[in-house]
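> final-v2.cif is reproduced below (mmCIF, C-alpha atoms).
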```cif
data_data
#
loop_
_atom_site.label_atom_id
_atom_site.label_comp_id
_atom_site.auth_asym_id
_atom_site.auth_seq_id
_atom_site.Cartn_x
_atom_site.Cartn_y
_atom_site.Cartn_z
CA MET A 8 23.11 7.79 7.97
CA PRO A 9 22.56 5.90 11.24
CA LEU A 10 19.14 5.05 12.61
CA ASP A 11 17.63 7.89 14.59
CA PHE A 12 14.48 6.98 16.52
CA THR A 13 13.38 7.82 20.04
CA ILE A 14 11.28 5.04 21.55
CA LYS A 15 10.16 5.54 25.13
CA PRO A 16 9.72 2.60 27.50
CA LEU A 17 6.10 2.03 28.46
CA PRO A 18 4.98 4.03 31.53
CA LEU A 19 4.81 1.10 33.93
CA ALA A 20 3.79 3.41 36.79
CA LEU A 21 0.31 3.37 35.27
CA ALA A 22 0.09 -0.42 35.35
CA THR A 23 -1.25 -0.61 38.90
CA ALA A 24 -4.12 1.78 38.19
CA LEU A 25 -4.97 -0.02 34.94
CA GLN A 26 -4.95 -3.40 36.66
CA GLN A 27 -7.19 -2.06 39.42
CA LYS A 28 -9.64 -0.78 36.82
CA ILE A 29 -9.64 -4.18 35.11
CA ASP A 30 -10.10 -6.03 38.41
CA GLN A 31 -13.08 -3.87 39.41
CA LYS A 32 -15.11 -4.98 36.39
CA THR A 33 -18.03 -7.36 37.02
CA LYS A 34 -16.12 -10.62 36.55
CA PRO A 35 -13.87 -12.93 38.54
CA LEU A 36 -10.24 -11.84 38.66
CA GLY A 37 -8.49 -12.78 35.43
CA ALA A 38 -11.66 -14.20 33.87
CA LEU A 39 -11.10 -12.46 30.53
CA GLY A 40 -7.67 -14.00 30.20
CA GLN A 41 -5.43 -12.55 27.51
CA LEU A 42 -7.94 -9.80 26.78
CA GLU A 43 -7.06 -8.34 30.16
CA ALA A 44 -3.36 -8.35 29.30
CA VAL A 45 -4.09 -6.68 25.96
CA ALA A 46 -6.26 -4.01 27.61
CA LEU A 47 -3.50 -3.25 30.09
CA GLN A 48 -0.84 -3.11 27.36
CA ILE A 49 -2.86 -0.78 25.14
CA GLY A 50 -3.53 1.46 28.14
CA LEU A 51 0.20 1.62 28.81
CA ILE A 52 1.01 2.30 25.15
CA GLN A 53 -1.44 5.21 25.11
CA ASN A 54 -0.60 6.22 28.71
CA THR A 55 -4.25 6.40 29.68
CA LEU A 56 -6.93 4.58 31.65
CA THR A 57 -9.32 5.08 28.72
CA PRO A 58 -7.56 3.85 25.57
CA THR A 59 -9.18 3.96 22.13
CA LEU A 60 -8.39 2.46 18.74
CA ASN A 61 -8.71 4.97 15.92
CA HIS A 62 -8.54 4.47 12.14
CA PRO A 63 -6.65 1.14 12.06
CA HIS A 64 -4.33 0.63 9.08
CA ILE A 65 -2.45 -2.27 7.56
CA ILE A 66 0.40 -1.61 5.14
CA VAL A 67 1.41 -4.54 2.92
CA PHE A 68 4.96 -4.19 1.63
CA ALA A 69 5.86 -6.15 -1.52
CA GLY A 70 9.33 -7.02 -2.75
CA ASP A 71 11.24 -9.62 -4.73
CA HIS A 72 14.31 -11.64 -3.80
CA GLY A 73 17.28 -12.56 -5.97
CA LEU A 74 17.74 -15.77 -4.01
CA VAL A 75 14.68 -17.19 -5.79
CA GLU A 76 17.12 -17.95 -8.63
CA ALA A 77 18.45 -20.76 -6.42
CA GLY A 78 15.09 -22.54 -6.31
CA VAL A 79 14.06 -21.81 -2.71
CA SER A 80 10.35 -21.30 -3.51
CA ALA A 81 7.63 -23.46 -5.01
CA TYR A 82 6.27 -20.41 -6.86
CA PRO A 83 7.91 -18.30 -9.59
CA GLN A 84 8.94 -14.74 -8.85
CA THR A 85 6.28 -13.39 -11.21
CA VAL A 86 3.66 -14.22 -8.57
CA THR A 87 4.76 -11.25 -6.46
CA ALA A 88 3.67 -8.70 -9.07
CA GLN A 89 0.55 -10.71 -9.84
CA MET A 90 -0.46 -10.72 -6.19
CA VAL A 91 0.14 -6.97 -5.94
CA ALA A 92 -2.37 -6.57 -8.77
CA ASN A 93 -4.74 -8.86 -6.86
CA PHE A 94 -4.40 -6.73 -3.73
CA LEU A 95 -5.14 -3.58 -5.70
CA ALA A 96 -8.20 -5.25 -7.26
CA GLY A 97 -9.48 -6.19 -3.81
CA GLY A 98 -9.37 -9.94 -4.38
CA ALA A 99 -6.89 -11.27 -1.82
CA ALA A 100 -7.56 -12.65 1.64
CA ILE A 101 -6.21 -9.51 3.29
CA ASN A 102 -8.66 -7.41 1.27
CA VAL A 103 -11.56 -9.53 2.45
CA PHE A 104 -10.56 -9.43 6.12
CA ALA A 105 -9.65 -5.74 6.10
CA ARG A 106 -13.04 -4.88 4.57
CA GLN A 107 -14.77 -7.09 7.10
CA HIS A 108 -13.29 -5.21 10.05
CA GLY A 109 -13.10 -1.68 8.68
CA ILE A 110 -9.30 -1.56 8.41
CA LYS A 111 -7.67 0.79 5.92
CA LEU A 112 -5.39 -1.23 3.63
CA LEU A 113 -2.38 0.24 1.83
CA ILE A 114 -0.14 -1.60 -0.64
CA ALA A 115 3.46 -0.48 -1.13
CA ASP A 116 5.92 -1.54 -3.82
CA ALA A 117 9.12 -1.86 -1.81
CA GLY A 118 11.08 -3.61 -4.54
CA VAL A 119 9.02 -5.75 -6.90
CA ASN A 120 10.85 -7.02 -9.97
CA ALA A 121 8.33 -5.52 -12.38
CA ASP A 122 7.23 -2.15 -13.69
CA LEU A 123 4.19 -1.31 -11.58
CA SER A 124 4.11 2.39 -12.41
CA ALA A 125 0.73 2.09 -14.12
CA HIS A 126 -0.99 1.07 -10.87
CA SER A 127 -2.39 4.33 -9.53
CA GLY A 128 -3.60 2.82 -6.26
CA LEU A 129 -0.15 1.57 -5.34
CA ILE A 130 2.32 3.33 -3.07
CA HIS A 131 5.42 3.63 -5.25
CA ALA A 132 8.34 3.19 -2.85
CA LYS A 133 10.52 0.87 -4.95
CA ILE A 134 14.18 0.74 -3.97
CA ALA A 135 15.17 -1.53 -6.86
CA ASN A 136 13.73 -4.36 -8.96
CA GLY A 137 14.28 -6.92 -6.23
CA THR A 138 17.32 -7.66 -4.12
CA GLN A 139 20.51 -9.31 -5.31
CA ASN A 140 21.00 -13.06 -5.01
CA CYS A 141 22.55 -13.34 -1.56
CA LEU A 142 24.06 -16.69 -2.49
CA ALA A 143 26.59 -14.62 -4.44
CA ARG A 144 26.61 -11.18 -2.80
CA PRO A 145 24.77 -9.15 -0.14
CA ALA A 146 21.08 -8.78 -0.95
CA MET A 147 21.29 -5.02 -0.74
CA THR A 148 23.81 -2.29 -0.02
CA GLY A 149 23.90 -0.55 3.32
CA GLU A 150 22.55 2.58 1.65
CA GLU A 151 19.64 0.68 0.10
CA CYS A 152 18.87 -0.91 3.46
CA LEU A 153 18.67 2.46 5.22
CA GLU A 154 16.63 3.94 2.40
CA ALA A 155 14.10 1.14 2.77
CA LEU A 156 13.97 1.54 6.55
CA TYR A 157 13.24 5.23 6.30
CA LYS A 158 10.67 4.80 3.53
CA GLY A 159 8.77 2.45 5.83
CA SER A 160 9.07 5.06 8.54
CA GLU A 161 7.68 7.81 6.33
CA LEU A 162 4.64 5.75 5.38
CA VAL A 163 3.80 5.26 9.05
CA LYS A 164 4.10 8.99 9.65
CA GLY A 165 1.54 9.52 6.93
CA CYS A 166 -0.92 7.10 8.52
CA HIS A 167 -0.45 8.69 11.93
CA ALA A 168 -1.11 12.13 10.47
CA GLN A 169 -4.51 10.86 9.33
CA GLY A 170 -5.48 9.94 12.89
CA CYS A 171 -4.37 6.32 12.90
CA ASN A 172 -3.17 5.05 16.29
CA CYS A 173 -3.27 1.30 15.59
CA ILE A 174 -1.28 -0.20 12.73
CA GLY A 175 0.08 -3.47 11.41
CA PHE A 176 2.34 -4.59 8.59
CA GLY A 177 2.04 -7.38 6.06
CA GLU A 178 4.27 -8.56 3.26
CA MET A 179 4.24 -10.20 -0.14
CA GLY A 180 7.39 -11.50 -1.76
CA ILE A 181 8.18 -14.85 -3.31
CA GLY A 182 11.27 -16.10 -1.48
CA ASN A 183 10.86 -13.99 1.63
CA THR A 184 10.56 -16.92 4.05
CA ALA A 185 14.12 -17.76 2.99
CA SER A 186 15.32 -14.25 3.85
CA ALA A 187 13.42 -14.30 7.13
CA SER A 188 14.94 -17.66 8.07
CA LEU A 189 18.45 -16.35 7.43
CA ILE A 190 17.83 -13.25 9.53
CA VAL A 191 16.34 -15.23 12.41
CA GLN A 192 19.15 -17.78 12.40
CA ARG A 193 21.90 -15.19 12.40
CA LEU A 194 20.33 -12.90 15.00
CA THR A 195 19.14 -15.60 17.43
CA GLY A 196 21.61 -18.42 16.85
CA MET A 197 18.80 -20.95 16.50
CA PRO A 198 19.71 -24.02 14.41
CA LEU A 199 18.95 -23.37 10.77
CA ALA A 200 16.69 -26.42 10.53
CA GLU A 201 14.44 -24.87 13.17
CA CYS A 202 14.16 -21.63 11.19
CA VAL A 203 13.38 -22.99 7.73
CA GLY A 204 9.83 -23.90 6.73
CA ARG A 205 7.95 -24.84 3.60
CA GLY A 206 7.08 -21.27 2.65
CA THR A 207 4.77 -21.36 -0.36
CA GLY A 208 4.34 -25.12 -0.01
CA LEU A 209 7.62 -26.91 -0.73
CA ASP A 210 7.59 -30.70 -0.62
CA ASP A 211 10.19 -32.62 1.40
CA ALA A 212 12.76 -32.51 -1.40
CA GLY A 213 12.17 -28.80 -1.89
CA LEU A 214 12.53 -28.12 1.82
CA SER A 215 15.79 -30.05 1.93
CA HIS A 216 17.11 -28.08 -1.05
CA LYS A 217 16.03 -24.77 0.49
CA THR A 218 17.80 -25.62 3.75
CA ALA A 219 20.98 -26.57 1.91
CA VAL A 220 20.96 -23.33 -0.09
CA LEU A 221 20.44 -21.24 3.03
CA GLN A 222 23.33 -22.99 4.74
CA GLN A 223 25.50 -22.05 1.78
CA VAL A 224 24.40 -18.44 2.14
CA LEU A 225 25.24 -18.43 5.84
CA ASP A 226 28.63 -20.00 5.17
CA ARG A 227 29.42 -17.36 2.56
CA HIS A 228 28.40 -14.35 4.64
CA GLN A 229 29.97 -14.39 8.07
CA VAL A 230 28.31 -11.11 9.02
CA SER A 231 28.17 -10.54 12.76
CA ALA A 232 24.88 -10.77 14.61
CA ALA A 233 26.11 -7.78 16.63
CA SER A 234 25.25 -5.64 13.60
CA PRO A 235 21.54 -6.22 12.94
CA LEU A 236 21.42 -3.79 10.03
CA ALA A 237 24.31 -5.59 8.37
CA VAL A 238 22.41 -8.87 8.80
CA LEU A 239 19.35 -7.24 7.28
CA ALA A 240 21.33 -5.87 4.35
CA HIS A 241 23.01 -9.20 3.64
CA PHE A 242 19.93 -11.41 3.84
CA GLY A 243 16.79 -9.33 3.87
CA GLY A 244 14.31 -8.13 1.35
CA PHE A 245 13.31 -4.55 0.74
CA GLU A 246 9.86 -5.34 2.13
CA ILE A 247 11.41 -6.72 5.33
CA ALA A 248 13.58 -3.63 5.71
CA MET A 249 10.60 -1.32 5.21
CA MET A 250 8.65 -3.24 7.84
CA ALA A 251 11.55 -2.87 10.28
CA GLY A 252 11.55 0.89 9.81
CA ALA A 253 7.77 1.00 10.05
CA TYR A 254 7.84 -0.80 13.41
CA LEU A 255 10.33 1.67 14.81
CA GLN A 256 8.40 4.71 13.62
CA ALA A 257 5.09 3.37 14.93
CA ALA A 258 6.61 2.79 18.35
CA GLU A 259 8.19 6.25 18.37
CA LEU A 260 4.74 7.71 17.68
CA GLY A 261 3.15 5.71 20.50
CA MET A 262 0.97 3.61 18.22
CA VAL A 263 -0.42 0.17 18.98
CA VAL A 264 1.49 -2.17 16.67
CA MET A 265 -0.07 -5.43 15.50
CA VAL A 266 2.41 -8.13 14.45
CA ASP A 267 1.61 -10.76 11.83
CA GLY A 268 3.48 -14.02 11.20
CA PHE A 269 6.99 -15.32 10.70
CA ILE A 270 8.31 -12.84 8.14
CA ALA A 271 6.79 -9.85 9.91
CA SER A 272 8.29 -11.12 13.16
CA ALA A 273 11.71 -11.46 11.53
CA ALA A 274 11.49 -7.79 10.53
CA LEU A 275 10.54 -6.97 14.11
CA LEU A 276 13.55 -8.94 15.33
CA VAL A 277 15.83 -6.57 13.42
CA ALA A 278 13.98 -3.54 14.81
CA ALA A 279 14.13 -4.91 18.36
CA ARG A 280 17.86 -5.56 18.13
CA CYS A 281 18.28 -1.87 17.29
CA TYR A 282 15.70 -0.55 19.81
CA PRO A 283 14.51 -3.20 22.32
CA ALA A 284 11.76 -0.89 23.64
CA VAL A 285 9.83 -1.42 20.39
CA LEU A 286 8.54 -4.75 21.70
CA GLY A 287 6.44 -3.05 24.37
CA TYR A 288 4.26 -1.53 21.65
CA CYS A 289 3.62 -4.84 19.89
CA VAL A 290 0.59 -7.11 20.13
CA PHE A 291 1.31 -10.50 18.55
CA SER A 292 -1.65 -11.63 16.52
CA HIS A 293 -1.12 -15.33 15.88
CA VAL A 294 1.31 -18.23 15.82
CA SER A 295 2.11 -18.97 12.20
CA ASN A 296 2.30 -22.52 10.92
CA GLU A 297 5.65 -21.60 9.40
CA ARG A 298 8.46 -23.41 11.18
CA GLY A 299 10.42 -21.14 13.47
CA HIS A 300 7.67 -18.69 14.36
CA GLN A 301 6.85 -20.17 17.76
CA ALA A 302 10.54 -20.24 18.63
CA LEU A 303 10.83 -16.61 17.58
CA LEU A 304 7.83 -15.69 19.74
CA ASP A 305 9.51 -17.49 22.63
CA HIS A 306 12.63 -15.43 21.91
CA PHE A 307 10.48 -12.30 22.28
CA ASN A 308 8.87 -13.75 25.43
CA ALA A 309 5.58 -13.07 23.66
CA ASP A 310 2.19 -14.76 23.73
CA ALA A 311 0.22 -14.68 20.49
CA LEU A 312 -3.54 -14.30 20.72
CA LEU A 313 -4.50 -16.94 18.17
CA LYS A 314 -3.25 -20.23 16.76
CA LEU A 315 -5.09 -20.99 13.54
CA ASP A 316 -2.28 -22.75 11.61
CA MET A 317 -2.19 -19.82 9.18
CA ARG A 318 0.89 -19.12 7.05
CA LEU A 319 -0.41 -16.78 4.38
CA GLY A 320 1.33 -13.53 5.27
CA GLU A 321 -0.20 -10.38 3.77
CA GLY A 322 -1.03 -9.14 7.28
CA SER A 323 -3.91 -11.62 7.35
CA GLY A 324 -3.37 -12.56 11.00
CA ILE A 325 -3.50 -8.88 11.96
CA ALA A 326 -6.86 -8.35 10.29
CA ILE A 327 -8.28 -11.48 11.93
CA VAL A 328 -7.14 -10.45 15.42
CA TYR A 329 -8.09 -6.76 15.31
CA PRO A 330 -11.61 -7.37 16.72
CA LEU A 331 -10.00 -8.91 19.80
CA LEU A 332 -8.12 -5.67 20.41
CA GLN A 333 -11.40 -3.83 20.03
CA SER A 334 -12.99 -6.13 22.61
CA ALA A 335 -10.13 -5.52 25.05
CA VAL A 336 -10.47 -1.75 24.77
CA LEU A 337 -14.28 -1.79 24.91
CA PHE A 338 -14.59 -3.93 28.01
CA LEU A 339 -12.20 -1.58 29.77
CA LYS A 340 -14.31 1.38 28.67
CA GLU A 341 -17.89 0.11 28.86
CA MET A 342 -18.09 -2.85 31.25
CA ALA A 343 -19.65 -1.99 34.61
CA THR A 344 -17.73 -2.16 37.84
CA PHE A 345 -19.02 -4.11 40.84
CA ALA A 346 -19.92 -0.83 42.51
CA GLU A 347 -21.75 0.53 39.47
CA ALA A 348 -23.74 -2.65 39.01
CA GLY A 349 -24.43 -3.26 42.68
CA VAL A 350 -22.86 -6.72 42.48
CA ASP A 351 -21.23 -8.23 45.56
CA HIS A 352 -17.73 -9.56 45.21
#
```
Could I get this structure in the form of structure tokens?

Amino acid sequence: MPLDFTIKPLPLALATALQQKIDQKTKPLGALGQLEAVALQIGLIQNTLTPTLNHPHIIVFAGDHGLVEAGVSAYPQTVTAQMVANFLAGGAAINVFARQHGIKLLIADAGVNADLSAHSGLIHAKIANGTQNCLARPAMTGEECLEALYKGSELVKGCHAQGCNCIGFGEMGIGNTASASLIVQRLTGMPLAECVGRGTGLDDAGLSHKTAVLQQVLDRHQVSAASPLAVLAHFGGFEIAMMAGAYLQAAELGMVVMVDGFIASAALLVAARCYPAVLGYCVFSHVSNERGHQALLDHFNADALLKLDMRLGEGSGIAIVYPLLQSAVLFLKEMATFAEAGVDH
């Protein structure tokens, strides 16, 4: 089953009218900086001069990775399931930030290597108990990859049906910086050393070992970058695949899409290679401290709104940046124009 999404380019004909509305506000031209760019982008996404943000959601996808067997993480694989329980109990950073800003938080089991069926608050979307060890074989089959993509898509449809028009995606999965690094290297051609970071906190020896293992994986799988879904299937996690499908569905539905850090951006890279127009719907929340994220943002020709040296994942950067999107929309809606305020300019 091939991918089947329809993602419209943004209606750039509206850009002039939006920019004029922004420029007529009681401020010097460009004085609100990136907020002005965000206001214009959200107006284009919603094809209106009066955009709104309704019922924001974050979906955190969790999955395990067979490559952890090769020692690419400082944490054991059991932490993935433990952190899912922490999310459901409301105790993680993303819970705190989502509560702070009134964001609906959903947790999805994309492929955790544990029986989580007893967790009633969890979205049960498991493809399998983790991916295969891609040092020996592809992480997932093509069929599993597509199943994960479309499960991510279906979850977004459900959020949209509840009135959500602004959404972001987080992840949890011990070993998933390794998968993200492999995807980014193969799809961009960046040197592997520029794609591989410390993940959960590897020391220098651990980072060197991780890099060596990932080079072995790349040497074993000579999958072509011209086939982004094949790259995803060979190297990705189920949570990364679900995020890729979620991005595509959100863009098809005309939603404002908030992008988190390195792993979330790697999932977006796959989606964008399939449907480049998806990038127009994306607001990039922050520059992760994970090596390779800034280079990936440069690849997207994207400017992130914040640089806080965060590298937590979970969608935490999205929750932190959401109030800035609110500010961009509200100044466009509520700030007086020079004419309304009787201010000379």
> Looking at A:Ile14, A:Ala38, A:Leu51, A:Ala155, which one is nearest to A:Leu260, with distances taken over only C-alpha atoms?
A:Ile14
> Report as a tab-separated table: every residue of stretch 235-318 of chain A with an atom at most 8 Å from stretch 178-199 of chain A, its closest pair of atoms, and their distance in Å to one decimal, counting all atoms listed in the file, with rows sorted by chain and ascending residue number.

```
residue	atom	partner	partner_atom	distance
A:Pro235	CA	A:Leu194	CA	7.1
A:Val238	CA	A:Ile190	CA	6.4
A:Leu239	CA	A:Ile190	CA	6.6
A:Phe242	CA	A:Ser186	CA	5.4
A:Gly243	CA	A:Ser186	CA	5.1
A:Gly244	CA	A:Ser186	CA	6.7
A:Glu246	CA	A:Glu178	CA	6.5
A:Ile247	CA	A:Glu178	CA	7.7
A:Phe269	CA	A:Ala187	CA	7.4
A:Ile270	CA	A:Ala187	CA	5.4
A:Ala271	CA	A:Glu178	CA	7.2
A:Ala273	CA	A:Ala187	CA	5.5
A:Ala274	CA	A:Ala187	CA	7.6
A:Leu276	CA	A:Val191	CA	7.5
A:Val277	CA	A:Leu194	CA	7.9
A:Gly299	CA	A:Ser188	CA	7.9
A:Leu303	CA	A:Val191	CA	7.7
A:His306	CA	A:Thr195	CA	7.9
```
> Choose the residue, out of A:Gly252, A:Gly137, A:Gly349, A:Gly97, that has the smallest atom-to-atom separation from A:Cys281; count all atoms listed in the file.
A:Gly252
> Might you spell out which residues the PyMOL selection byres ((chain A and resi 101) around 12) would select in the displayed file, as a PyMOL selection string?
chain A and resi 64-67+90-91+93-100+102-114+175-179+267+319-327
> Please produce an output containing C-alpha atoms for each residue in the selection, written as a tab-separated table (two decimals), in the frame of the given file.

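Output (selection_14.tsv):
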```tsv
chain	number	residue	atom	x	y	z
A	64	HIS	CA	-4.33	0.63	9.08
A	65	ILE	CA	-2.45	-2.27	7.56
A	66	ILE	CA	0.40	-1.61	5.14
A	67	VAL	CA	1.41	-4.54	2.92
A	90	MET	CA	-0.46	-10.72	-6.19
A	91	VAL	CA	0.14	-6.97	-5.94
A	93	ASN	CA	-4.74	-8.86	-6.86
A	94	PHE	CA	-4.40	-6.73	-3.73
A	95	LEU	CA	-5.14	-3.58	-5.70
A	96	ALA	CA	-8.20	-5.25	-7.26
A	97	GLY	CA	-9.48	-6.19	-3.81
A	98	GLY	CA	-9.37	-9.94	-4.38
A	99	ALA	CA	-6.89	-11.27	-1.82
A	100	ALA	CA	-7.56	-12.65	1.64
A	102	ASN	CA	-8.66	-7.41	1.27
A	103	VAL	CA	-11.56	-9.53	2.45
A	104	PHE	CA	-10.56	-9.43	6.12
A	105	ALA	CA	-9.65	-5.74	6.10
A	106	ARG	CA	-13.04	-4.88	4.57
A	107	GLN	CA	-14.77	-7.09	7.10
A	108	HIS	CA	-13.29	-5.21	10.05
A	109	GLY	CA	-13.10	-1.68	8.68
A	110	ILE	CA	-9.30	-1.56	8.41
A	111	LYS	CA	-7.67	0.79	5.92
A	112	LEU	CA	-5.39	-1.23	3.63
A	113	LEU	CA	-2.38	0.24	1.83
A	114	ILE	CA	-0.14	-1.60	-0.64
A	175	GLY	CA	0.08	-3.47	11.41
A	176	PHE	CA	2.34	-4.59	8.59
A	177	GLY	CA	2.04	-7.38	6.06
A	178	GLU	CA	4.27	-8.56	3.26
A	179	MET	CA	4.24	-10.20	-0.14
A	267	ASP	CA	1.61	-10.76	11.83
A	319	LEU	CA	-0.41	-16.78	4.38
A	320	GLY	CA	1.33	-13.53	5.27
A	321	GLU	CA	-0.20	-10.38	3.77
A	322	GLY	CA	-1.03	-9.14	7.28
A	323	SER	CA	-3.91	-11.62	7.35
A	324	GLY	CA	-3.37	-12.56	11.00
A	325	ILE	CA	-3.50	-8.88	11.96
A	326	ALA	CA	-6.86	-8.35	10.29
A	327	ILE	CA	-8.28	-11.48	11.93
```
> Which distance in Å separates atom CA of A:Ala279 and atom CA of A:His300, to one decimal?
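Value for the atom CA of A:Ala279-atom CA of A:His300 distance: 15.7 Å.
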> Identify, on the basis of only C-alpha atoms, every residue whose closest approach to A:Ala143 does not exceed 12 Å; exclude the query and any residue fewer than 5 positions from it along the same chain; express the result as an MDAnalysis selection string.
chainID A and resid 73:74 76:77 138 220:221 223:228 241:242
> In Å, with one decimal, what is the gap from atom CA of A:Ala69 to atom CA of A:Gln169?
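Separation of atom CA of A:Ala69 and atom CA of A:Gln169: 22.7 Å.
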> Do you know which residues the PyMOL selection byres ((chain A and resi 171) around 10) returns on this file, as a list in words?
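Output of the PyMOL selection byres ((chain A and resi 171) around 10): Leu60, Asn61, His62, Pro63, His64, Lys111, Val163, Lys164, Gly165, Cys166, His167, Ala168, Gln169, Gly170, Asn172, Cys173, Ile174, Met262 and Val263 of chain A.
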> Which one of A:Arg298, A:Arg280, A:Lys133, A:His293 sits closest to A:Ala200 if you count all atoms listed in the file?
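Closest to A:Ala200 of all the choices is A:Arg298.
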> Hey, can you check how far atom CA of A:Leu56 sits from atom CA of A:Leu17?
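A separation of 13.7 Å between them.
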